[in-house]
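K.L.:
For reference, this is final-v8.txt, and it has compact mmCIF, C-alpha atoms (C1' of nucleotides).
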# COMPACT_ATOMS: atom_id res chain seq x y z
CA MET A 345 -21.38 -11.72 -20.55
CA THR A 346 -18.08 -11.37 -18.78
CA GLU A 347 -15.45 -13.75 -19.93
CA GLN A 348 -14.18 -16.11 -17.33
CA LYS A 349 -11.79 -18.85 -18.12
CA THR A 350 -8.39 -20.00 -17.11
CA ASP A 351 -5.56 -22.51 -17.12
CA ALA A 352 -7.02 -24.30 -20.13
CA SER A 353 -9.36 -26.02 -17.71
CA GLY A 354 -11.89 -23.36 -18.59
CA ARG A 355 -12.63 -22.59 -14.94
CA PRO A 356 -12.04 -19.22 -13.38
CA PHE A 357 -9.14 -19.08 -11.00
CA VAL A 358 -8.86 -15.89 -9.11
CA VAL A 359 -12.44 -15.34 -8.07
CA SER A 360 -12.43 -18.60 -6.19
CA TYR A 361 -8.86 -18.51 -4.95
CA LEU A 362 -8.79 -18.43 -1.18
CA LEU A 363 -6.17 -15.70 -0.94
CA TYR A 364 -8.09 -13.57 -3.40
CA LEU A 365 -11.34 -14.02 -1.54
CA LEU A 366 -9.67 -13.00 1.68
CA ALA A 367 -8.10 -9.94 0.09
CA ALA A 368 -11.30 -8.96 -1.69
CA VAL A 369 -13.54 -9.33 1.34
CA SER A 370 -11.05 -7.50 3.50
CA HIS A 371 -10.67 -4.75 0.94
CA ARG A 372 -14.34 -4.17 0.35
CA ALA A 373 -15.47 -4.53 3.92
CA SER A 374 -12.76 -2.23 5.18
CA ALA A 375 -13.45 0.35 2.50
CA GLU A 376 -16.88 0.82 3.97
CA PHE A 377 -15.44 1.75 7.30
CA HIS A 378 -12.47 3.71 6.07
CA ALA A 379 -14.66 6.51 4.80
CA HIS A 380 -15.82 6.81 8.36
CA ALA A 381 -12.30 6.88 9.79
CA ARG A 382 -11.27 9.57 7.33
CA ALA A 383 -14.30 11.61 8.21
CA ALA A 384 -13.11 11.44 11.80
CA GLY A 385 -9.79 12.94 10.71
CA LEU A 386 -7.67 9.81 10.59
CA ARG A 387 -5.75 8.27 7.77
CA VAL A 388 -6.44 4.60 7.33
CA PRO A 389 -3.10 3.37 8.68
CA GLU A 390 -3.54 5.66 11.65
CA TRP A 391 -6.91 4.17 12.45
CA ARG A 392 -5.30 0.75 12.38
CA VAL A 393 -2.56 1.75 14.75
CA LEU A 394 -5.00 3.45 17.06
CA ALA A 395 -7.17 0.36 17.21
CA CYS A 396 -4.15 -1.79 18.01
CA LEU A 397 -3.08 0.56 20.75
CA VAL A 398 -6.42 0.24 22.42
CA ASP A 399 -5.64 -3.44 22.83
CA GLU A 400 -2.02 -2.95 23.74
CA ASP A 401 -1.33 0.52 24.98
CA GLY A 402 2.35 1.02 25.55
CA ALA A 403 3.40 -1.60 23.03
CA MET A 404 6.92 -1.27 21.73
CA VAL A 405 7.40 -0.20 18.14
CA THR A 406 8.26 -3.63 16.77
CA ARG A 407 5.29 -5.23 18.44
CA LEU A 408 2.93 -2.52 17.33
CA ALA A 409 4.15 -2.86 13.76
CA ARG A 410 3.52 -6.58 13.82
CA LEU A 411 0.09 -6.21 15.33
CA SER A 412 -0.78 -3.45 12.87
CA LEU A 413 0.32 -5.59 9.96
CA MET A 414 2.89 -3.13 8.74
CA GLU A 415 6.59 -2.76 8.43
CA GLN A 416 8.53 -1.27 11.28
CA SER A 417 9.93 1.73 9.43
CA ARG A 418 6.51 2.58 8.14
CA LEU A 419 5.00 2.32 11.57
CA THR A 420 7.69 4.60 12.95
CA LYS A 421 6.68 7.26 10.47
CA ILE A 422 3.00 6.85 11.14
CA VAL A 423 3.66 7.15 14.85
CA ASP A 424 5.64 10.33 14.14
CA HIS A 425 2.60 11.81 12.50
CA MET A 426 0.19 10.60 15.16
CA ALA A 427 2.42 12.03 17.85
CA GLU A 428 2.52 15.39 16.05
CA ARG A 429 -1.24 15.34 15.94
CA GLY A 430 -1.41 14.54 19.62
CA PHE A 431 -2.97 11.09 19.46
CA VAL A 432 -0.03 9.17 20.89
CA SER A 433 3.14 9.78 22.83
CA ARG A 434 6.43 7.93 22.87
CA ARG A 435 8.36 6.91 25.95
CA SER A 436 11.63 5.13 26.06
CA ASP A 437 11.44 1.94 28.10
CA PRO A 438 13.63 2.21 31.21
CA GLU A 439 14.03 -1.58 31.35
CA ASP A 440 15.56 -1.66 27.91
CA ARG A 441 16.54 1.66 26.53
CA ARG A 442 16.54 0.48 22.93
CA ARG A 443 12.81 0.12 23.16
CA VAL A 444 10.33 2.88 22.56
CA ARG A 445 6.85 2.39 23.89
CA VAL A 446 3.86 4.05 22.29
CA PHE A 447 0.98 5.26 24.42
CA LEU A 448 -2.39 6.71 23.60
CA THR A 449 -2.96 10.24 24.78
CA ASP A 450 -6.33 11.11 26.26
CA THR A 451 -7.28 12.66 22.93
CA GLY A 452 -6.19 9.54 21.10
CA ARG A 453 -8.10 7.31 23.42
CA ASP A 454 -11.27 9.34 23.11
CA LEU A 455 -11.04 9.27 19.36
CA ALA A 456 -10.44 5.54 19.40
CA THR A 457 -13.30 4.87 21.75
CA GLY A 458 -15.79 6.58 19.48
CA LEU A 459 -14.54 4.89 16.36
CA ILE A 460 -14.51 1.50 17.96
CA ALA A 461 -18.15 1.82 18.87
CA ASP A 462 -18.87 2.61 15.23
CA ALA A 463 -16.69 -0.25 14.07
CA GLN A 464 -18.54 -2.66 16.28
CA ALA A 465 -21.88 -1.44 14.99
CA HIS A 466 -20.62 -1.85 11.46
CA GLU A 467 -19.45 -5.36 12.17
CA THR A 468 -22.79 -6.22 13.70
CA GLN A 469 -24.54 -5.04 10.58
CA ILE A 470 -22.26 -7.04 8.30
CA LEU A 471 -22.84 -10.18 10.31
CA LYS A 472 -26.55 -9.59 10.41
CA ASP A 473 -26.64 -9.23 6.63
CA LEU A 474 -24.56 -12.34 6.25
CA GLY A 475 -27.00 -14.15 8.42
CA GLY A 476 -27.38 -17.37 10.31
CA GLU A 477 -24.75 -20.00 10.50
CA ASP A 478 -22.20 -18.24 8.38
CA ALA A 479 -22.29 -15.25 10.67
CA GLU A 480 -21.69 -17.45 13.65
CA ARG A 481 -18.82 -19.30 12.13
CA ILE A 482 -16.80 -16.76 10.26
CA LYS A 483 -14.89 -15.28 13.14
CA PRO A 484 -13.97 -18.58 14.77
CA ILE A 485 -12.77 -19.85 11.41
CA LEU A 486 -10.67 -16.77 10.79
CA GLU A 487 -9.24 -17.00 14.28
CA ALA A 488 -8.27 -20.61 13.72
CA LEU A 489 -6.67 -19.73 10.42
CA LEU A 490 -4.79 -16.84 11.92
CA ALA A 491 -3.47 -19.00 14.73
CA GLN A 492 -2.24 -21.45 12.16
CA LEU A 493 -0.60 -18.79 10.01
CA ASP A 494 0.88 -16.90 12.87
CA PRO A 495 2.48 -19.38 15.22
CA GLN A 496 3.79 -16.88 17.81
CA GLY A 497 0.34 -15.37 17.85
CA ASP A 498 -0.34 -11.74 17.27
CA GLY A 499 -3.27 -11.42 19.55
CA MET B 762 2.31 -11.40 29.64
CA THR B 763 1.04 -9.18 26.91
CA GLU B 764 -1.40 -6.59 28.00
CA GLN B 765 -4.77 -6.75 26.38
CA LYS B 766 -7.60 -4.53 27.38
CA THR B 767 -9.86 -1.99 25.85
CA ASP B 768 -12.80 0.42 25.99
CA ALA B 769 -13.00 0.18 29.75
CA SER B 770 -14.82 -3.10 29.23
CA GLY B 771 -11.48 -4.80 29.74
CA ARG B 772 -11.90 -6.93 26.64
CA PRO B 773 -9.56 -6.76 23.69
CA PHE B 774 -11.00 -5.16 20.61
CA VAL B 775 -8.87 -5.43 17.58
CA VAL B 776 -7.83 -9.05 17.75
CA SER B 777 -11.43 -10.15 17.58
CA TYR B 778 -12.70 -7.45 15.23
CA LEU B 779 -13.97 -8.98 12.03
CA LEU B 780 -12.26 -6.49 9.74
CA TYR B 781 -8.99 -6.97 11.56
CA LEU B 782 -9.22 -10.74 11.36
CA LEU B 783 -9.87 -10.51 7.65
CA ALA B 784 -6.95 -8.15 7.11
CA ALA B 785 -4.63 -10.17 9.29
CA VAL B 786 -5.45 -13.50 7.73
CA SER B 787 -5.20 -12.04 4.27
CA HIS B 788 -1.93 -10.35 5.09
CA ARG B 789 -0.25 -13.35 6.64
CA ALA B 790 -1.53 -15.92 4.23
CA SER B 791 -0.61 -13.82 1.22
CA ALA B 792 2.84 -13.07 2.60
CA GLU B 793 3.62 -16.76 2.39
CA PHE B 794 2.91 -16.78 -1.31
CA HIS B 795 4.36 -13.41 -2.15
CA ALA B 796 7.88 -14.59 -1.54
CA HIS B 797 7.20 -17.12 -4.23
CA ALA B 798 5.86 -14.57 -6.68
CA ARG B 799 8.88 -12.35 -6.16
CA ALA B 800 11.18 -15.27 -6.69
CA ALA B 801 9.45 -15.74 -10.03
CA GLY B 802 10.34 -12.16 -10.92
CA LEU B 803 7.03 -10.47 -10.23
CA ARG B 804 6.14 -7.69 -7.89
CA VAL B 805 3.18 -8.46 -5.71
CA PRO B 806 0.73 -6.15 -7.49
CA GLU B 807 1.86 -7.61 -10.79
CA TRP B 808 1.09 -11.10 -9.62
CA ARG B 809 -2.36 -9.93 -8.68
CA VAL B 810 -2.99 -8.38 -12.04
CA LEU B 811 -1.65 -11.41 -13.83
CA ALA B 812 -3.94 -13.70 -11.86
CA CYS B 813 -6.93 -11.51 -12.69
CA LEU B 814 -6.05 -11.51 -16.35
CA VAL B 815 -6.08 -15.25 -16.41
CA ASP B 816 -9.74 -15.05 -15.46
CA GLU B 817 -10.54 -12.14 -17.71
CA ASP B 818 -8.03 -11.74 -20.46
CA GLY B 819 -8.71 -8.61 -22.45
CA ALA B 820 -10.44 -6.82 -19.61
CA MET B 821 -10.59 -3.07 -19.91
CA VAL B 822 -8.49 -1.01 -17.53
CA THR B 823 -11.31 0.06 -15.23
CA ARG B 824 -12.59 -3.46 -14.90
CA LEU B 825 -9.15 -4.88 -14.30
CA ALA B 826 -8.51 -2.30 -11.62
CA ARG B 827 -11.72 -3.22 -9.85
CA LEU B 828 -11.04 -6.92 -10.06
CA SER B 829 -7.46 -6.42 -8.90
CA LEU B 830 -8.66 -4.37 -5.93
CA MET B 831 -6.66 -1.34 -6.88
CA GLU B 832 -7.15 2.18 -8.07
CA GLN B 833 -7.29 2.84 -11.77
CA SER B 834 -4.30 5.13 -11.98
CA ARG B 835 -2.21 2.67 -10.07
CA LEU B 836 -3.29 -0.17 -12.29
CA THR B 837 -2.39 1.88 -15.36
CA LYS B 838 1.15 2.26 -14.08
CA ILE B 839 1.46 -1.39 -13.17
CA VAL B 840 0.25 -2.35 -16.63
CA ASP B 841 2.87 0.02 -18.09
CA HIS B 842 5.55 -1.90 -16.29
CA MET B 843 4.15 -5.31 -17.14
CA ALA B 844 3.92 -4.32 -20.78
CA GLU B 845 7.54 -3.17 -20.75
CA ARG B 846 8.49 -6.51 -19.33
CA GLY B 847 6.51 -8.30 -21.98
CA PHE B 848 3.87 -9.94 -19.80
CA VAL B 849 0.88 -8.08 -21.20
CA SER B 850 -0.06 -5.99 -24.20
CA ARG B 851 -2.57 -3.21 -24.61
CA ARG B 852 -5.05 -2.88 -27.40
CA SER B 853 -7.54 -0.15 -27.92
CA ASP B 854 -11.09 -1.48 -28.17
CA PRO B 855 -12.49 -0.83 -31.63
CA GLU B 856 -16.06 -0.85 -30.28
CA ASP B 857 -15.30 2.00 -27.94
CA ARG B 858 -12.05 3.74 -28.54
CA ARG B 859 -11.87 5.20 -25.07
CA ARG B 860 -11.33 1.72 -23.78
CA VAL B 861 -8.00 -0.01 -23.57
CA ARG B 862 -8.03 -3.75 -23.24
CA VAL B 863 -5.22 -5.61 -21.56
CA PHE B 864 -4.14 -9.00 -22.83
CA LEU B 865 -1.69 -11.57 -21.58
CA THR B 866 1.20 -12.27 -23.87
CA ASP B 867 2.32 -15.86 -24.27
CA THR B 868 5.13 -15.16 -21.85
CA GLY B 869 2.70 -13.67 -19.37
CA ARG B 870 0.36 -16.57 -19.68
CA ASP B 871 3.10 -19.11 -19.17
CA LEU B 872 4.31 -17.32 -16.10
CA ALA B 873 0.77 -17.11 -14.75
CA THR B 874 0.08 -20.75 -15.40
CA GLY B 875 3.06 -21.87 -13.39
CA LEU B 876 2.33 -19.57 -10.50
CA ILE B 877 -1.30 -20.52 -10.39
CA ALA B 878 -0.40 -24.16 -10.01
CA ASP B 879 1.78 -23.18 -7.06
CA ALA B 880 -0.94 -20.97 -5.65
CA GLN B 881 -3.42 -23.79 -5.79
CA ALA B 882 -1.01 -26.14 -4.08
CA HIS B 883 -0.44 -23.52 -1.41
CA GLU B 884 -4.17 -23.10 -0.91
CA THR B 885 -4.63 -26.83 -0.64
CA GLN B 886 -2.02 -26.96 2.08
CA ILE B 887 -3.60 -24.12 4.02
CA LEU B 888 -6.99 -25.78 3.89
CA LYS B 889 -5.55 -29.10 4.86
CA ASP B 890 -3.87 -27.55 7.88
CA LEU B 891 -7.07 -25.80 8.80
CA GLY B 892 -8.84 -29.08 8.63
CA GLY B 893 -12.28 -30.52 8.52
CA GLU B 894 -15.41 -28.47 8.57
CA ASP B 895 -13.74 -25.10 8.70
CA ALA B 896 -11.82 -25.90 5.56
CA GLU B 897 -15.01 -26.83 3.79
CA ARG B 898 -16.88 -23.76 4.84
CA ILE B 899 -14.45 -20.91 4.61
CA LYS B 900 -14.62 -20.29 0.89
CA PRO B 901 -18.41 -20.44 0.62
CA ILE B 902 -18.68 -18.05 3.53
CA LEU B 903 -16.22 -15.62 2.01
CA GLU B 904 -18.02 -15.83 -1.30
CA ALA B 905 -21.31 -15.04 0.36
CA LEU B 906 -19.77 -12.13 2.17
CA LEU B 907 -18.18 -10.82 -0.97
CA ALA B 908 -21.44 -11.02 -2.86
CA GLN B 909 -23.06 -9.04 -0.10
CA LEU B 910 -20.33 -6.41 -0.02
CA ASP B 911 -20.01 -6.12 -3.74
CA PRO B 912 -23.48 -5.96 -5.21
CA GLN B 913 -22.49 -5.64 -8.88
CA GLY B 914 -20.27 -8.61 -8.34
CA ASP B 915 -16.62 -8.67 -9.19
CA GLY B 916 -16.43 -12.22 -10.33
C1' DG C 1300 -26.16 17.52 -35.68
C1' DG C 1301 -23.75 20.27 -32.34
C1' DA C 1302 -23.24 21.52 -27.31
C1' DA C 1303 -23.09 19.72 -22.95
C1' DT C 1304 -22.41 15.73 -20.21
C1' DT C 1305 -20.54 11.44 -19.04
C1' DA C 1306 -17.05 7.81 -19.30
C1' DA C 1307 -12.29 5.73 -19.94
C1' DT C 1308 -7.55 6.25 -19.53
C1' DA C 1309 -3.25 8.65 -18.72
C1' DT C 1310 -0.26 11.88 -16.45
C1' DG C 1311 2.33 14.61 -13.04
C1' DA C 1312 3.07 16.48 -8.60
C1' DA C 1313 2.69 15.44 -3.90
C1' DT C 1314 2.60 12.03 -0.57
C1' DT C 1315 3.54 7.45 1.27
C1' DT C 1316 5.96 3.30 1.42
C1' DT C 1317 9.94 0.46 0.96
C1' DC C 1318 14.71 -0.87 1.30
C1' DA C 1319 19.00 -0.57 3.01
C1' DT C 1320 21.49 1.05 6.60
C1' DA C 1321 22.89 4.06 10.57
C1' DT C 1322 22.74 4.45 15.45
C1' DA C 1323 22.45 2.89 19.89
C1' DA C 1324 21.67 -0.41 23.52
C1' DA C 1325 21.69 -5.11 25.28
C1' DA C 1326 23.43 -9.96 25.28
C1' DG C 1327 26.62 -13.46 24.53
C1' DC C 1328 31.21 -15.23 25.02
C1' DG C 1329 36.18 -16.02 25.34
C1' DC D 680 35.69 -7.31 31.48
C1' DG D 681 36.41 -6.04 26.17
C1' DC D 682 34.76 -7.80 21.66
C1' DT D 683 31.37 -9.61 18.68
C1' DT D 684 26.74 -10.38 17.71
C1' DT D 685 22.04 -9.46 18.15
C1' DT D 686 18.03 -6.50 18.88
C1' DA D 687 15.34 -2.06 18.57
C1' DT D 688 14.38 2.09 16.35
C1' DA D 689 15.18 5.83 13.16
C1' DT D 690 16.50 7.85 8.84
C1' DG D 691 17.14 9.00 3.96
C1' DA D 692 17.12 8.01 -0.77
C1' DA D 693 14.60 5.47 -4.10
C1' DA D 694 10.36 3.55 -5.56
C1' DA D 695 5.46 3.10 -5.47
C1' DT D 696 0.93 5.10 -4.67
C1' DT D 697 -2.53 8.64 -4.46
C1' DC D 698 -5.05 12.63 -5.83
C1' DA D 699 -6.49 15.83 -8.89
C1' DT D 700 -6.94 16.68 -13.48
C1' DA D 701 -5.95 16.55 -18.58
C1' DT D 702 -7.22 14.27 -22.71
C1' DT D 703 -9.95 11.89 -25.74
C1' DA D 704 -14.06 9.42 -27.08
C1' DA D 705 -18.85 8.26 -26.58
C1' DT D 706 -23.56 9.54 -25.22
C1' DT D 707 -27.41 12.54 -24.30
C1' DC D 708 -30.60 15.85 -25.32
C1' DC D 709 -32.21 19.98 -27.25
When written as C-alpha cells, how does the structure in this file appear?
P.N.:
Amino acid sequence: MTEQKTDASGRPFVVSYLLYLLAAVSHRASAEFHAHARAAGLRVPEWRVLACLVDEDGAMVTRLARLSLMEQSRLTKIVDHMAERGFVSRRSDPEDRRRVRVFLTDTGRDLATGLIADAQAHETQILKDLGGEDAERIKPILEALLAQLDPQGDG
Amino acid sequence: MTEQKTDASGRPFVVSYLLYLLAAVSHRASAEFHAHARAAGLRVPEWRVLACLVDEDGAMVTRLARLSLMEQSRLTKIVDHMAERGFVSRRSDPEDRRRVRVFLTDTGRDLATGLIADAQAHETQILKDLGGEDAERIKPILEALLAQLDPQGDG
DNA sequence: GGAATTAATATGAATTTTCATATAAAAGCG
DNA sequence: CGCTTTTATATGAAAATTCATATTAATTCC
C-alpha cells in the first residue's frame, strides 16, 4: 500500500501534475530508445543533436542549441566531440562571420539514417500499444501545446 | 526560410517525432515554472524531489529516485543538500535498516505547499490556453502512456 | 545457523553541465 | 565614419551528474 496524499486535501499531486506527466512519459519513453543509441556508439545528447541536424543540416550553433533543447555552451561542447568523432563538421558562415554552421558528414548522416529508422519503428510500436483514439490524438495535441509554449516556433 | 528535410524522403523528422515532441513540450513547459521554483530558493531537481515527497512522504531513497525520475546516487546527493537546508530529514527504517526514509520537515512542507498552489495555477493556465478537447484529453492520454511504459507503476 | 547472494544506500573519481565572461563580428546611431 | 550596443560562439572555472564500487543489512539456501 503506497502512501499517497498531499496538500491536506488528501489527493496526490505529482502523479497527476501535467508537467510531471510530461517529464515522466518523456523520460521513460526516451530511456527505451537511448539504450539503442548508446549501442550505436552515441551519447544521448549526441543522438539528439544528430536527429536535429537531419532536419536542419547546416543550422547555426544558436539555432541548433534551441532545437536540441540545450544550452548554447553545452551544445558547442557536444559539437566539439561529434566533430572529433567525425559525425559533423563546422563551417563559418560567409554571410555573417560570427556564425558557425554545423553540417553532418557522410558518416554522421549514415548513422542518423539508421537510427531514425529504428526510432520511427519504436514510435510506431508505442502508438500501437497505446491504441486507438489516443494514439491518433497525442501528436497533434503535443504539437498544439508546443506551438503555444514556443511562440517563435522551433520546428 | 528555415530548411527542413530529412532521410531523402524530404520530410522533417525530429519536429514530428513523438519522443522529441514529448521532450520539447516537457522542456518548454517546465522552464516556465522553473524560474518560479528558483525564485523560491530551490534548485530544479530539489523542486522535483519536494513535489514527490508531498505525494509520498517517508519514501525510501530508491523509491524516491524512481518517482523523481533520477538516478539513485544523484538523488542521495540532492537529499544531502536538502537536508542541510532543512527541507527534509532522513530516518533509517527500523523494519529494514538498509533503508533510509526521507521526510519533509515543516519548513519543507510549507515551501512545497506554496509552490504546488502555483504549479496548479500554472497548469490551469496552460490547459486553458490549449483549450477545449485537447485540454481535456491530454492528461488521460499521458497517464495511459505512462502506465504502458512503466508497468510497475510509479504513481 | 553460517556462507553466499541479493538489496539499499553512500561515496569518490571521472565526466558533463552550467554560469559567467572573453572574443570577435555585425548593426545601430550621432 | 568612429563609437556604442547587440549578436554569435567559445572557453574556463565551478558545480552537478554519472559510473563503478564500497559498505552494511537482509534474505536465501544448504
K.L.:
Just to confirm, what's the straight-line distance from atom CA of Pro855 of chain B to atom CA of Arg824 of chain B in Å (one decimal)?
P.N.:
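Answer for the atom CA of Pro855 of chain B to atom CA of Arg824 of chain B separation: 16.9 Å.
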K.L.:
Kindly give the distance, in Å, that separates atom C1' of DA1306 of chain C and atom CA of Leu814 of chain B, rounded to a single decimal.
P.N.:
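Interatomic distance here is 22.4 Å.
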K.L.:
If we count only C-alpha atoms, which residues of chain A reach to within 7 Å of chain B? Please list them as a PyMOL selection string.
P.N.:
chain A and resi 347-351+356-359+362-363+365-370+372-374+395-396+398-400+413+457+467+474+478+483+485-487+489-490+493+499
K.L.:
At a cut-off of 12 Å, using all atoms listed in the file, what residues contact DC1318 of chain C? Leave out same-chain residues fewer than 4 positions from it and give the result as a list in words.
P.N.:
Glu415, Gln416, Ser417 and Arg418 of chain A; DT690, DG691, DA692, DA693 and DA694 of chain D
K.L.:
Taking all atoms listed in the file into account, report as a PyMOL selection string which residues of chain D lie within 10 Å of chain A.
P.N.:
chain D and resi 686-690
K.L.:
Take atom CA of Pro389 of chain A and atom CA of Ile422 of chain A and report the distance between them in Å, one decimal.
P.N.:
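The value is 7.4 Å.
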K.L.:
Which residues of chain C sit at most 9 Å from chain A, using all atoms listed in the file? Give each one's shortest atom pair and distance in Å (one decimal place), in chain and ascending residue order, as CSV.
P.N.:
residue,atom,partner,partner_atom,distance
C:DT1315,C1',A:Arg418,CA,8.9
C:DT1316,C1',A:Arg418,CA,6.8
C:DT1317,C1',A:Arg418,CA,8.2
C:DA1323,C1',A:Arg442,CA,7.1
C:DA1324,C1',A:Arg442,CA,5.2
C:DA1325,C1',A:Asp440,CA,7.5
K.L.:
Could you check the closest approach to Val388 of chain A for each of A:Ala465, A:Leu448, A:Met426, A:Leu408 and tell me which residue wins, using all atoms listed in the file?
P.N.:
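Result for the nearest residue to Val388 of chain A: A:Met426.
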K.L.:
Which is closest to Gly385 of chain A among A:Arg429, A:Arg435, A:Leu419, A:Glu480, if we use only C-alpha atoms?
P.N.:
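Distance minimum relative to Gly385 of chain A lands on A:Arg429.
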